[in-house]
$ cat input.txt   # compact mmCIF, C-alpha atoms
# COMPACT_ATOMS: atom_id res chain seq x y z
CA MET A 623 -40.79 -1.84 -37.87
CA THR A 624 -37.05 -1.23 -37.85
CA GLN A 625 -35.97 -4.65 -39.05
CA ASN A 626 -38.24 -4.43 -42.07
CA CYS A 627 -37.06 -0.98 -43.02
CA GLU A 628 -33.67 -2.18 -44.29
CA HIS A 629 -35.57 -4.34 -46.75
CA ASN A 630 -37.93 -1.48 -47.52
CA ARG A 631 -35.10 0.83 -48.50
CA GLU A 632 -34.56 -1.27 -51.59
CA SER A 633 -38.22 -0.92 -52.50
CA ILE A 634 -38.11 2.82 -51.90
CA GLY A 635 -35.17 3.04 -54.28
CA LEU A 636 -37.14 1.15 -56.89
CA LEU A 637 -40.13 3.41 -56.33
CA VAL A 638 -38.07 6.55 -56.84
CA ASP A 639 -36.60 5.10 -60.02
CA GLY A 640 -40.02 4.19 -61.33
CA GLU A 641 -39.27 0.49 -61.55
CA LEU A 642 -42.23 -0.80 -59.54
CA SER A 643 -45.53 -2.01 -60.87
CA GLU A 644 -48.58 0.01 -59.90
CA ASP A 645 -49.67 -2.36 -57.12
CA ALA A 646 -46.22 -2.60 -55.63
CA ALA A 647 -45.81 1.16 -55.83
CA ASN A 648 -49.08 1.72 -54.00
CA ALA A 649 -48.05 -0.73 -51.31
CA VAL A 650 -44.78 1.08 -50.72
CA LYS A 651 -46.49 4.48 -50.68
CA GLY A 652 -48.87 3.12 -48.11
CA HIS A 653 -45.99 2.07 -45.93
CA LEU A 654 -44.43 5.51 -46.26
CA THR A 655 -47.42 7.10 -44.64
CA GLU A 656 -46.98 4.83 -41.62
CA CYS A 657 -43.23 4.70 -41.08
CA ALA A 658 -41.35 7.87 -40.23
CA ASP A 659 -37.90 6.40 -40.91
CA CYS A 660 -38.81 5.22 -44.35
CA ALA A 661 -40.51 8.52 -45.13
CA ARG A 662 -37.35 10.38 -44.22
CA TYR A 663 -35.23 8.05 -46.36
CA HIS A 664 -37.59 8.60 -49.25
CA LEU A 665 -37.32 12.36 -48.86
CA GLU A 666 -33.50 12.26 -48.80
CA LEU A 667 -33.42 10.08 -51.89
CA ALA A 668 -35.78 12.36 -53.77
CA ASP A 669 -33.61 15.35 -52.83
CA LEU A 670 -30.50 13.66 -54.10
CA ILE A 671 -32.05 12.78 -57.42
CA GLU A 672 -33.36 16.30 -57.77
CA GLN A 673 -29.81 17.60 -57.42
CA LEU A 674 -28.65 15.20 -60.09
CA LYS A 675 -31.11 16.46 -62.64
CA PRO A 676 -29.24 18.58 -65.13
CA GLN A 677 -30.89 21.71 -66.39
CA THR A 678 -31.04 21.55 -70.15
CA PRO A 679 -32.65 24.18 -72.28
CA ALA A 680 -35.04 22.62 -74.74
CA GLY A 681 -34.53 22.72 -78.47
CA LEU A 682 -31.44 23.63 -80.45
CA THR A 683 -29.64 26.91 -80.44
CA VAL A 684 -27.59 28.36 -83.23
CA GLU A 685 -24.35 27.55 -81.44
CA GLU A 686 -25.40 24.03 -80.83
CA SER A 687 -26.29 23.40 -84.44
CA ARG A 688 -22.87 24.72 -85.39
CA PHE A 689 -21.34 22.31 -82.86
CA TRP A 690 -23.16 19.36 -84.35
CA ARG A 691 -22.30 20.35 -87.87
CA ARG A 692 -18.63 20.32 -86.92
CA PHE A 693 -19.23 16.97 -85.27
CA GLU A 694 -20.75 15.48 -88.41
CA ALA A 695 -17.98 16.88 -90.57
CA ASP A 696 -15.33 15.39 -88.32
CA LEU A 697 -17.13 12.08 -88.28
CA ALA A 698 -17.47 11.99 -92.06
CA LEU A 699 -13.75 12.64 -92.34
CA ARG A 700 -12.96 9.87 -89.92
CA VAL A 701 -15.22 7.39 -91.65
CA ALA A 702 -13.65 8.25 -95.00
CA ARG A 703 -10.22 7.73 -93.54
CA GLY A 704 -11.44 4.46 -92.05
CA GLY A 705 -10.23 5.22 -88.60
CA THR A 706 -6.68 4.80 -87.39
CA PRO A 707 -5.43 1.27 -87.97
CA PHE A 708 -4.47 -0.34 -84.76
CA TRP A 709 -0.76 -0.29 -85.45
CA LYS A 710 -0.84 3.47 -85.59
CA ARG A 711 -2.78 3.81 -82.38
CA PRO A 712 -0.77 4.75 -79.37
CA ILE A 713 -0.13 1.77 -77.21
CA VAL A 714 -1.12 2.36 -73.63
CA ILE A 715 1.02 0.28 -71.34
CA PRO A 716 -0.02 0.47 -67.73
CA PHE A 717 2.70 2.05 -65.64
CA PRO A 718 3.34 -0.90 -63.30
CA VAL A 719 3.73 -3.25 -66.28
CA ALA A 720 6.20 -0.88 -67.93
CA VAL A 721 8.30 -0.52 -64.77
CA THR A 722 8.30 -4.25 -64.07
CA SER A 723 9.26 -5.21 -67.60
CA PHE A 724 12.00 -2.57 -67.61
CA PHE A 725 13.60 -4.00 -64.48
CA PHE A 726 13.08 -7.50 -65.81
CA VAL A 727 15.01 -6.62 -68.98
CA ILE A 728 17.79 -5.01 -66.97
CA THR A 729 18.09 -8.09 -64.73
CA ILE A 730 18.10 -10.50 -67.66
CA THR A 731 20.81 -8.48 -69.42
CA ALA A 732 22.96 -8.36 -66.28
CA VAL A 733 22.58 -12.10 -65.71
CA ALA A 734 23.39 -12.85 -69.35
CA LEU A 735 26.53 -10.71 -69.31
CA HIS A 736 27.67 -12.21 -66.01
CA THR A 737 27.09 -15.71 -67.31
CA ARG A 738 29.01 -14.96 -70.48
CA GLN A 739 31.91 -13.63 -68.45
CA GLN A 740 31.91 -16.70 -66.23
CA VAL A 741 31.72 -19.01 -69.22
CA SER A 742 34.70 -17.36 -70.93
CA GLN A 743 36.62 -17.50 -67.67
CA MET A 744 35.85 -21.19 -67.41
CA HIS A 745 37.04 -21.66 -70.96
CA ARG A 746 40.30 -19.95 -70.18
CA GLU A 747 40.91 -22.02 -67.09
CA THR A 748 40.03 -25.19 -68.91
CA ALA A 749 42.44 -24.29 -71.67
CA LYS A 750 45.15 -23.66 -69.12
CA LEU A 751 44.52 -26.99 -67.43
CA GLN A 752 44.50 -28.74 -70.74
CA THR A 753 47.86 -27.30 -71.78
CA ALA A 754 49.29 -28.19 -68.38
CA LEU A 755 47.99 -31.73 -68.68
CA LYS A 756 49.33 -32.05 -72.20
CA ASP A 757 52.66 -30.75 -71.05
CA LEU A 758 52.77 -33.29 -68.26
CA GLN A 759 51.80 -36.06 -70.60
CA ASP A 760 54.48 -35.05 -73.08
CA ARG A 761 57.10 -34.96 -70.43
CA SER A 762 56.10 -38.33 -69.06
CA PHE A 763 56.15 -39.77 -72.58
CA PHE A 764 59.63 -38.58 -73.32
CA ALA A 765 61.09 -39.14 -69.89
CA THR A 766 63.33 -42.24 -69.66
CA ALA A 767 63.03 -42.71 -65.98
CA PRO A 768 59.97 -43.73 -64.06
CA LEU A 769 58.17 -40.66 -62.82
CA SER A 770 57.62 -41.50 -59.20
CA PRO A 771 60.48 -40.19 -57.14
CA SER A 772 58.39 -40.25 -54.01
CA ALA A 773 57.93 -44.01 -54.27
CA SER A 774 61.64 -44.54 -54.73
CA LEU A 775 62.43 -42.20 -51.87
CA THR A 776 60.16 -44.09 -49.54
CA ALA A 777 61.82 -47.36 -50.47
CA PHE A 778 65.25 -45.79 -50.02
CA ASN A 779 64.38 -44.52 -46.59
CA ARG A 780 63.10 -47.91 -45.60
CA ASP A 781 66.27 -49.60 -46.69
CA VAL A 782 68.42 -47.06 -44.87
CA ARG A 783 66.53 -47.58 -41.67
CA ALA A 784 66.81 -51.33 -42.08
CA LYS A 785 70.52 -50.99 -42.56
CA VAL A 786 70.96 -48.76 -39.50
CA ALA A 787 68.88 -51.09 -37.35
CA ASP A 788 70.62 -54.18 -38.47
CA PRO A 789 74.05 -53.47 -39.94
CA ALA A 790 74.63 -56.12 -42.53
CA PRO A 791 77.83 -56.72 -44.52
CA ALA A 792 78.48 -53.81 -46.84
CA SER A 793 78.38 -55.99 -49.90
CA THR A 794 74.69 -56.79 -49.50
CA PRO A 795 73.07 -55.72 -52.67
CA ALA A 796 69.84 -54.89 -50.80
CA VAL A 797 71.43 -51.74 -49.41
CA GLN A 798 71.91 -50.43 -52.86
CA PRO A 799 70.21 -47.12 -53.13
CA VAL A 800 67.26 -47.27 -55.44
CA MET A 801 67.51 -43.71 -56.62
CA ARG A 802 67.89 -44.64 -60.15
CA ALA A 803 65.70 -41.85 -61.37
CA ALA A 804 68.13 -39.06 -60.65
CA ARG A 805 70.81 -38.60 -63.18
CA PRO A 806 74.15 -37.97 -61.55
CA MET A 807 75.11 -34.35 -61.56
CA PRO A 808 78.45 -34.06 -63.28
CA THR A 809 80.65 -32.18 -60.82
CA PRO A 810 84.05 -31.07 -62.11
CA ALA A 811 85.84 -33.56 -59.86
CA ASN A 812 83.67 -36.45 -60.90
CA MET A 813 83.54 -36.14 -64.60
CA GLN A 814 84.10 -39.76 -65.50
CA ILE A 815 83.27 -41.67 -68.57
CA ARG A 816 81.65 -44.51 -66.73
CA PHE A 817 78.68 -42.23 -66.01
CA ILE A 818 77.86 -42.40 -69.66
CA ASP A 819 78.07 -46.17 -69.73
CA SER A 820 75.94 -46.86 -66.85
CA GLU A 821 73.11 -44.81 -65.43
CA VAL A 822 73.03 -46.77 -62.28
CA ALA A 823 74.67 -45.08 -59.33
CA GLN A 824 77.44 -46.97 -57.65
CA PRO A 825 77.95 -47.19 -53.95
CA GLY A 826 81.11 -45.24 -54.13
CA ASP A 827 79.73 -42.31 -55.97
CA LEU A 828 79.59 -39.00 -54.33
CA TYR A 829 76.82 -36.63 -55.07
CA MET B 1226 -21.42 29.92 -63.07
CA ILE B 1227 -22.00 29.93 -66.80
CA THR B 1228 -25.59 30.62 -67.63
CA PRO B 1229 -26.92 28.36 -70.31
CA PRO B 1230 -27.62 30.12 -73.60
CA ARG B 1231 -31.25 30.98 -74.07
CA PRO B 1232 -32.84 29.18 -76.96
CA ALA B 1233 -32.44 32.03 -79.43
CA ALA B 1234 -33.67 30.24 -82.50
CA VAL B 1235 -34.61 26.69 -83.13
CA LEU B 1236 -33.17 25.58 -86.41
CA PRO B 1237 -33.57 22.30 -88.17
CA LEU B 1238 -30.23 20.73 -89.02
CA PRO B 1239 -29.01 21.36 -92.53
CA THR B 1240 -28.29 17.64 -92.88
CA GLY B 1241 -30.87 15.15 -93.99
CA ALA B 1242 -32.26 14.10 -90.63
CA SER B 1243 -33.32 16.80 -88.25
CA SER B 1244 -32.76 16.34 -84.58
CA ASP B 1245 -36.16 17.67 -83.62
CA ALA B 1246 -37.77 15.34 -81.13
CA ALA B 1247 -40.78 14.61 -83.26
CA ALA B 1248 -38.70 13.77 -86.32
CA LEU B 1249 -36.34 11.38 -84.59
CA LEU B 1250 -36.80 7.90 -85.86
CA ASP B 1251 -37.46 4.84 -83.83
CA ASP B 1252 -34.74 2.20 -83.66
CA ALA B 1253 -36.99 -0.19 -85.54
CA GLU B 1254 -37.63 2.41 -88.21
CA ILE B 1255 -33.94 3.01 -88.59
CA ALA B 1256 -33.37 -0.71 -88.98
CA THR B 1257 -35.93 -0.92 -91.76
CA LEU B 1258 -34.40 2.13 -93.42
CA ALA B 1259 -31.03 0.38 -93.31
CA LYS B 1260 -32.32 -2.32 -95.63
CA THR B 1261 -32.63 0.12 -98.46
CA ASP B 1262 -30.17 2.91 -97.64
CA ARG B 1263 -27.55 2.09 -95.01
CA ARG B 1264 -25.88 5.46 -95.20
CA ARG B 1265 -29.03 7.40 -94.42
CA ALA B 1266 -29.84 5.00 -91.65
CA LEU B 1267 -26.45 5.60 -90.09
CA SER B 1268 -26.83 9.36 -90.24
CA ALA B 1269 -30.29 9.05 -88.68
CA LEU B 1270 -28.70 7.00 -85.91
CA VAL B 1271 -26.04 9.62 -85.36
CA ALA B 1272 -28.61 12.38 -85.22
CA LYS B 1273 -30.67 10.49 -82.70
CA TYR B 1274 -27.94 9.36 -80.32
CA ARG B 1275 -25.20 11.92 -80.54
CA ARG B 1276 -26.59 14.11 -77.81
CA PRO B 1277 -27.22 11.41 -75.20
CA LEU B 1278 -23.93 9.67 -75.88
CA TYR B 1279 -21.99 12.91 -75.70
CA ARG B 1280 -23.79 13.73 -72.48
CA HIS B 1281 -22.90 10.35 -71.04
CA ALA B 1282 -19.23 10.69 -71.92
CA PHE B 1283 -19.15 14.24 -70.59
CA HIS B 1284 -20.59 13.31 -67.23
CA MET B 1285 -18.17 10.43 -66.91
CA LEU B 1286 -15.09 12.48 -67.76
CA HIS B 1287 -16.18 16.10 -67.23
CA ASN B 1288 -14.05 17.15 -70.17
CA SER B 1289 -15.71 18.30 -73.36
CA GLU B 1290 -12.84 17.49 -75.74
CA GLU B 1291 -12.47 13.97 -74.47
CA ALA B 1292 -16.23 13.47 -74.59
CA TYR B 1293 -16.20 14.71 -78.17
CA GLU B 1294 -13.44 12.28 -79.16
CA ILE B 1295 -15.16 9.36 -77.48
CA THR B 1296 -18.49 10.06 -79.14
CA GLN B 1297 -16.77 10.26 -82.51
CA GLU B 1298 -15.08 6.95 -81.86
CA VAL B 1299 -18.38 5.32 -80.92
CA PHE B 1300 -20.04 6.34 -84.16
CA LEU B 1301 -16.99 5.34 -86.15
CA ARG B 1302 -17.28 1.86 -84.71
CA ALA B 1303 -20.98 1.89 -85.45
CA HIS B 1304 -20.16 2.54 -89.09
CA LYS B 1305 -17.83 -0.41 -89.10
CA GLU B 1306 -20.09 -2.77 -87.20
CA SER B 1307 -21.71 -5.07 -89.73
CA ARG B 1308 -24.24 -6.58 -87.32
CA LEU B 1309 -25.63 -3.18 -86.39
CA PHE B 1310 -28.93 -3.45 -88.25
CA ASP B 1311 -29.49 -7.17 -87.79
CA ALA B 1312 -32.87 -8.33 -86.60
CA ASP B 1313 -32.17 -9.02 -82.92
CA PHE B 1314 -29.49 -6.46 -82.36
CA HIS B 1315 -30.08 -3.98 -79.55
CA ILE B 1316 -28.63 -0.84 -81.03
CA LYS B 1317 -29.25 1.39 -78.04
CA GLY B 1318 -27.64 -1.02 -75.60
CA TRP B 1319 -24.67 -1.51 -77.89
CA LEU B 1320 -24.11 2.22 -78.35
CA TYR B 1321 -24.28 2.93 -74.64
CA ARG B 1322 -22.04 -0.04 -73.89
CA VAL B 1323 -19.33 1.11 -76.28
CA THR B 1324 -19.54 4.65 -74.91
CA ALA B 1325 -19.32 3.42 -71.34
CA ASN B 1326 -16.40 1.12 -72.07
CA LEU B 1327 -14.48 3.80 -73.92
CA SER B 1328 -15.10 6.27 -71.09
CA LEU B 1329 -13.89 3.77 -68.51
CA LYS B 1330 -10.83 2.97 -70.57
CA HIS B 1331 -10.09 6.65 -70.85
CA ILE B 1332 -10.49 7.14 -67.13
CA ARG B 1333 -8.05 4.31 -66.51
CA SER B 1334 -5.49 5.68 -68.95
CA ARG B 1335 -5.95 9.11 -67.43
CA ARG B 1336 -5.01 7.64 -64.06
CA VAL B 1337 -1.99 5.99 -65.65
CA ARG B 1338 -0.86 9.22 -67.24
CA ALA B 1339 -1.35 10.95 -63.91
CA MET B 1340 1.20 8.58 -62.40
CA PHE B 1341 3.77 9.94 -64.81
CA VAL B 1342 2.76 13.51 -64.23
CA LEU B 1343 2.77 13.18 -60.44
CA LYS B 1344 -0.25 15.34 -59.92
CA ARG B 1345 -3.95 14.66 -59.63
CA PRO B 1346 -5.93 15.16 -62.81
CA GLU B 1347 -8.08 18.23 -62.41
CA PRO B 1348 -11.61 18.14 -63.71
CA GLN B 1349 -12.32 20.85 -66.22
CA LYS B 1350 -13.34 23.78 -64.11
CA GLU B 1351 -15.34 25.51 -66.79
CA SER B 1352 -16.76 24.20 -69.99
CA ILE B 1353 -14.91 25.00 -73.17
CA ALA B 1354 -18.00 26.49 -74.69
CA PRO B 1355 -21.40 27.32 -73.30
CA VAL B 1356 -22.82 24.98 -75.86
CA VAL B 1357 -21.47 22.10 -73.80
CA ASP B 1358 -23.69 23.16 -70.95
CA ALA B 1359 -26.59 23.26 -73.34
CA ILE B 1360 -25.92 19.74 -74.50
CA ALA B 1361 -24.66 18.07 -71.38
CA GLY B 1362 -26.82 19.99 -69.02
CA GLN B 1363 -25.61 21.89 -66.04
CA VAL B 1364 -25.25 20.41 -62.65
CA ARG B 1365 -23.93 22.20 -59.63
CA LYS B 1366 -20.17 22.30 -59.34
CA GLU B 1367 -20.31 20.36 -56.07
CA VAL B 1368 -22.38 17.65 -57.68
CA ALA B 1369 -19.99 17.39 -60.64
CA GLU B 1370 -17.01 17.09 -58.31
CA ALA B 1371 -18.78 14.53 -56.15
CA LEU B 1372 -19.49 12.53 -59.29
CA LEU B 1373 -15.81 12.58 -60.18
CA GLU B 1374 -14.96 11.32 -56.70
CA LEU B 1375 -17.08 8.22 -57.19
CA PRO B 1376 -15.34 5.08 -58.38
CA PRO B 1377 -15.81 4.70 -62.14
CA ARG B 1378 -18.26 1.82 -61.98
CA PHE B 1379 -20.57 3.64 -59.57
CA ARG B 1380 -20.28 6.78 -61.63
CA GLN B 1381 -21.31 4.81 -64.68
CA LEU B 1382 -24.40 3.49 -62.92
CA VAL B 1383 -25.44 6.94 -61.74
CA VAL B 1384 -24.88 8.54 -65.15
CA LEU B 1385 -26.74 5.80 -67.00
CA ARG B 1386 -29.74 6.01 -64.68
CA TYR B 1387 -30.05 9.70 -63.85
CA PHE B 1388 -28.51 11.40 -66.87
CA ASP B 1389 -29.31 8.99 -69.66
CA ASP B 1390 -32.62 7.82 -68.16
CA LEU B 1391 -32.08 4.18 -68.96
CA SER B 1392 -34.29 1.67 -67.21
CA TYR B 1393 -32.76 -0.94 -64.91
CA LYS B 1394 -33.12 -3.56 -67.61
CA GLU B 1395 -31.36 -1.37 -70.16
CA ILE B 1396 -28.58 -0.66 -67.68
CA ALA B 1397 -28.20 -4.38 -67.03
CA ASP B 1398 -27.99 -4.96 -70.78
CA THR B 1399 -25.47 -2.16 -71.25
CA MET B 1400 -23.16 -3.15 -68.44
CA LYS B 1401 -23.66 -6.89 -68.90
CA MET B 1402 -24.61 -7.28 -65.26
CA PRO B 1403 -27.60 -9.01 -63.66
CA ILE B 1404 -30.41 -6.70 -62.61
CA GLY B 1405 -29.86 -7.50 -58.93
CA SER B 1406 -26.31 -6.17 -59.19
CA VAL B 1407 -27.63 -3.05 -60.87
CA MET B 1408 -30.08 -2.44 -58.02
CA SER B 1409 -27.57 -2.99 -55.23
CA GLY B 1410 -24.85 -1.09 -57.07
CA LEU B 1411 -27.13 1.86 -57.66
CA SER B 1412 -28.23 2.04 -54.02
CA ARG B 1413 -24.60 1.86 -52.85
CA ALA B 1414 -23.65 4.54 -55.37
CA ARG B 1415 -26.46 6.76 -54.15
CA ASP B 1416 -25.42 6.30 -50.53
CA ARG B 1417 -21.86 7.21 -51.32
CA LEU B 1418 -22.92 10.21 -53.34
CA LYS B 1419 -25.12 11.35 -50.47
CA LYS B 1420 -22.19 11.06 -48.09
CA LEU B 1421 -19.87 12.97 -50.45
CA LEU B 1422 -22.34 15.81 -50.88
CA LYS B 1423 -22.92 15.99 -47.14
CA ASN B 1424 -19.15 16.26 -46.59
CA THR B 1425 -18.83 19.14 -49.04
CA GLU B 1426 -21.74 20.87 -47.36
CA LEU B 1427 -20.05 20.52 -43.98
CA GLU B 1428 -16.81 21.87 -45.42
CA GLN B 1429 -18.54 24.92 -46.76
CA THR B 1430 -20.40 25.85 -43.57

$ encode --input "input.txt" --output "structure tokens"
Amino acid sequence: MTQNCEHNRESIGLLVDGELSEDAANAVKGHLTECADCARYHLELADLIEQLKPQTPAGLTVEESRFWRRFEADLALRVARGGTPFWKRPIVIPFPVAVTSFFFVITITAVALHTRQQVSQMHRETAKLQTALKDLQDRSFFATAPLSPSASLTAFNRDVRAKVADPAPASTPAVQPVMRAARPMPTPANMQIRFIDSEVAQPGDLY
Amino acid sequence: MITPPRPAAVLPLPTGASSDAAALLDDAEIATLAKTDRRRALSALVAKYRRPLYRHAFHMLHNSEEAYEITQEVFLRAHKESRLFDADFHIKGWLYRVTANLSLKHIRSRRVRAMFVLKRPEPQKESIAPVVDAIAGQVRKEVAEALLELPPRFRQLVVLRYFDDLSYKEIADTMKMPIGSVMSGLSRARDRLKKLLKNTELEQT
């Protein structure tokens, strides 16, 4: 009987709630006389429902009629006013949504400010680089000498080494130093007019 | 425990429709009345359903002011609802559904407000006026507290069945659930209620 009784509990519930047809109700009542478990369940259920029954005095009392009169007056007022339009109603935002959106706004603001700061910093650095580049370009435009001293220095070193390795006659023009880029520094002892005439350094010049 | 007021005098309501059981109109009769005089039909509707709807809201929330506000809101919406007296419209189911939804929404917002307040919402220990007991009906304090411990959906099922006396079909129509869910939900709600009441009994002994 025990495996059926789980299924019967549902029927007992329906019986107590008055939802069974007469035949079905009789069938269940018949089972209750036979099965002790189901009978006990039925008793417990009936007890519970008995506790749930509220005790209401029948009819109206004076106080109650006053209550309902106030109710109708309030309702008439509300209907006349047409109810609160939805934009005046208080907006209930669930607490988790409020907290999350608050932190979201904070984060977005922080990120935006940080980005703006970084962007302005980038602008400043770019401006600096641009002025530096322009400056370099200007200088290279107005400079009369080729702007690669390192190349000339390498060539000079090579020639010097060649000369040391294989001493050739002094008059070989290949030994001529190629440092044309540097203007001769006018020392007091060497202030000579020929510096103005020719920019090329002569072998005998002292620097 | 507040004793319910004895029925001192039975008065008919000063308004048009009396709330005496015999004089309450049928839903169909109200619908036919609405064809000629909508206003009187609405007041007849209010007179018929105000008590059960107030009772439902009260047992869901156990607070007479909130129940009052919710019942007012339900009837306000009924005034605004244009389909209310249409041919196939189930007025009773609609009224109970709106009441139930508003009660649930209020319970949810009450929980939300409790999160700000950092303390559990206390059920009203005593009724504001004895008249509330007369309307809502008195249940034992332990039963009322056990009801408040139930999850809102279960509470709704129990109140609709055992306080409002709706049939399973009407409950299914009100909650927009299939009847099978109503049956299983109700039996689970009853089991839980039984367990809650047994616990309080054990605590008291």

$ residues_around --input "input.txt" --residues "range 640-646 of chain A" --least-positions-apart "3" --cutoff "12 Å" --atoms "only C-alpha atoms" --output "ChimeraX atom specification"
/A:630,632-637,649-653,668 /B:1386-1387,1390-1395,1404,1408

$ closest_residue --input "input.txt" --among "B:Arg1378, B:Lys1317, B:Arg1263, B:Lys1330" --to "chain A" --atoms "all atoms listed in the file"
B:Lys1330

$ closest_atom_pairs --input "input.txt" --of "chain A" --to "chain B" --cutoff "10 Å" --atoms "all atoms listed in the file" --output "tab-separated table"
residue	atom	partner	partner_atom	distance
A:Arg631	CA	B:Ser1412	CA	8.9
A:Glu632	CA	B:Ser1412	CA	7.5
A:Ser633	CA	B:Met1408	CA	10.0
A:Gly635	CA	B:Ser1412	CA	7.0
A:Leu636	CA	B:Met1408	CA	8.0
A:Asp639	CA	B:Ser1392	CA	8.3
A:Gly640	CA	B:Ser1392	CA	8.6
A:Glu641	CA	B:Tyr1393	CA	7.5
A:Glu666	CA	B:Lys1419	CA	8.6
A:Leu667	CA	B:Arg1415	CA	8.0
A:Asp669	CA	B:Lys1419	CA	9.7
A:Leu670	CA	B:Lys1419	CA	6.9
A:Ile671	CA	B:Tyr1387	CA	7.4
A:Glu672	CA	B:Tyr1387	CA	9.6
A:Gln673	CA	B:Val1368	CA	7.4
A:Leu674	CA	B:Val1364	CA	6.7
A:Lys675	CA	B:Tyr1387	CA	6.9
A:Pro676	CA	B:Gly1362	CA	4.8
A:Gln677	CA	B:Gly1362	CA	5.1
A:Thr678	CA	B:Gly1362	CA	4.6
A:Pro679	CA	B:Ala1359	CA	6.2
A:Ala680	CA	B:Pro1232	CA	7.3
A:Gly681	CA	B:Val1235	CA	6.1
A:Leu682	CA	B:Val1235	CA	5.2
A:Thr683	CA	B:Pro1232	CA	5.2
A:Val684	CA	B:Ala1234	CA	6.4
A:Glu685	CA	B:Val1356	CA	6.3
A:Glu686	CA	B:Val1356	CA	5.7
A:Ser687	CA	B:Leu1238	CA	6.6
A:Arg688	CA	B:Leu1238	CA	9.1
A:Phe689	CA	B:Val1356	CA	7.6
A:Trp690	CA	B:Leu1238	CA	8.6
A:Arg691	CA	B:Leu1238	CA	8.0
A:Phe693	CA	B:Gln1297	CA	7.7
A:Glu694	CA	B:Val1271	CA	8.5
A:Asp696	CA	B:Gln1297	CA	7.9
A:Leu697	CA	B:Gln1297	CA	6.1
A:Ala698	CA	B:Leu1301	CA	8.9
A:Arg700	CA	B:Leu1301	CA	7.1
A:Val701	CA	B:Leu1301	CA	6.1
A:Ala702	CA	B:Leu1301	CA	9.9
A:Gly704	CA	B:Leu1301	CA	8.1
A:Gly705	CA	B:Leu1301	CA	7.2
A:Val714	CA	B:Ser1334	CA	7.2
A:Ile715	CA	B:Val1337	CA	8.6
A:Pro716	CA	B:Val1337	CA	6.2
A:Phe717	CA	B:Val1337	CA	6.1
A:Pro718	CA	B:Val1337	CA	9.0

$ axis_aligned_box --input "input.txt" --around "range 1377-1390 of chain B" --padding-each-side "6 Å" --output "lines of an AutoDock Vina configuration file"
center_x = -24.2
center_y = 6.6
center_z = -64.6
size_x = 28.8
size_y = 21.6
size_z = 22.1

$ atom_distance --input "input.txt" --atom1 "CA of Arg1380 in chain B" --atom2 "CA of His1284 in chain B"
8.6 Å

$ atom_distance --input "input.txt" --atom1 "CA of Leu1309 in chain B" --atom2 "CA of Ala1256 in chain B"
8.5 Å

$ atom_distance --input "input.txt" --atom1 "CA of Phe1310 in chain B" --atom2 "CA of Ala1259 in chain B"
6.7 Å

$ closest_residue --input "input.txt" --among "B:Ala1269, B:Ala1325, B:Ile1396, B:Glu1428" --to "Glu1254 in chain B" --atoms "all atoms listed in the file"
B:Ala1269
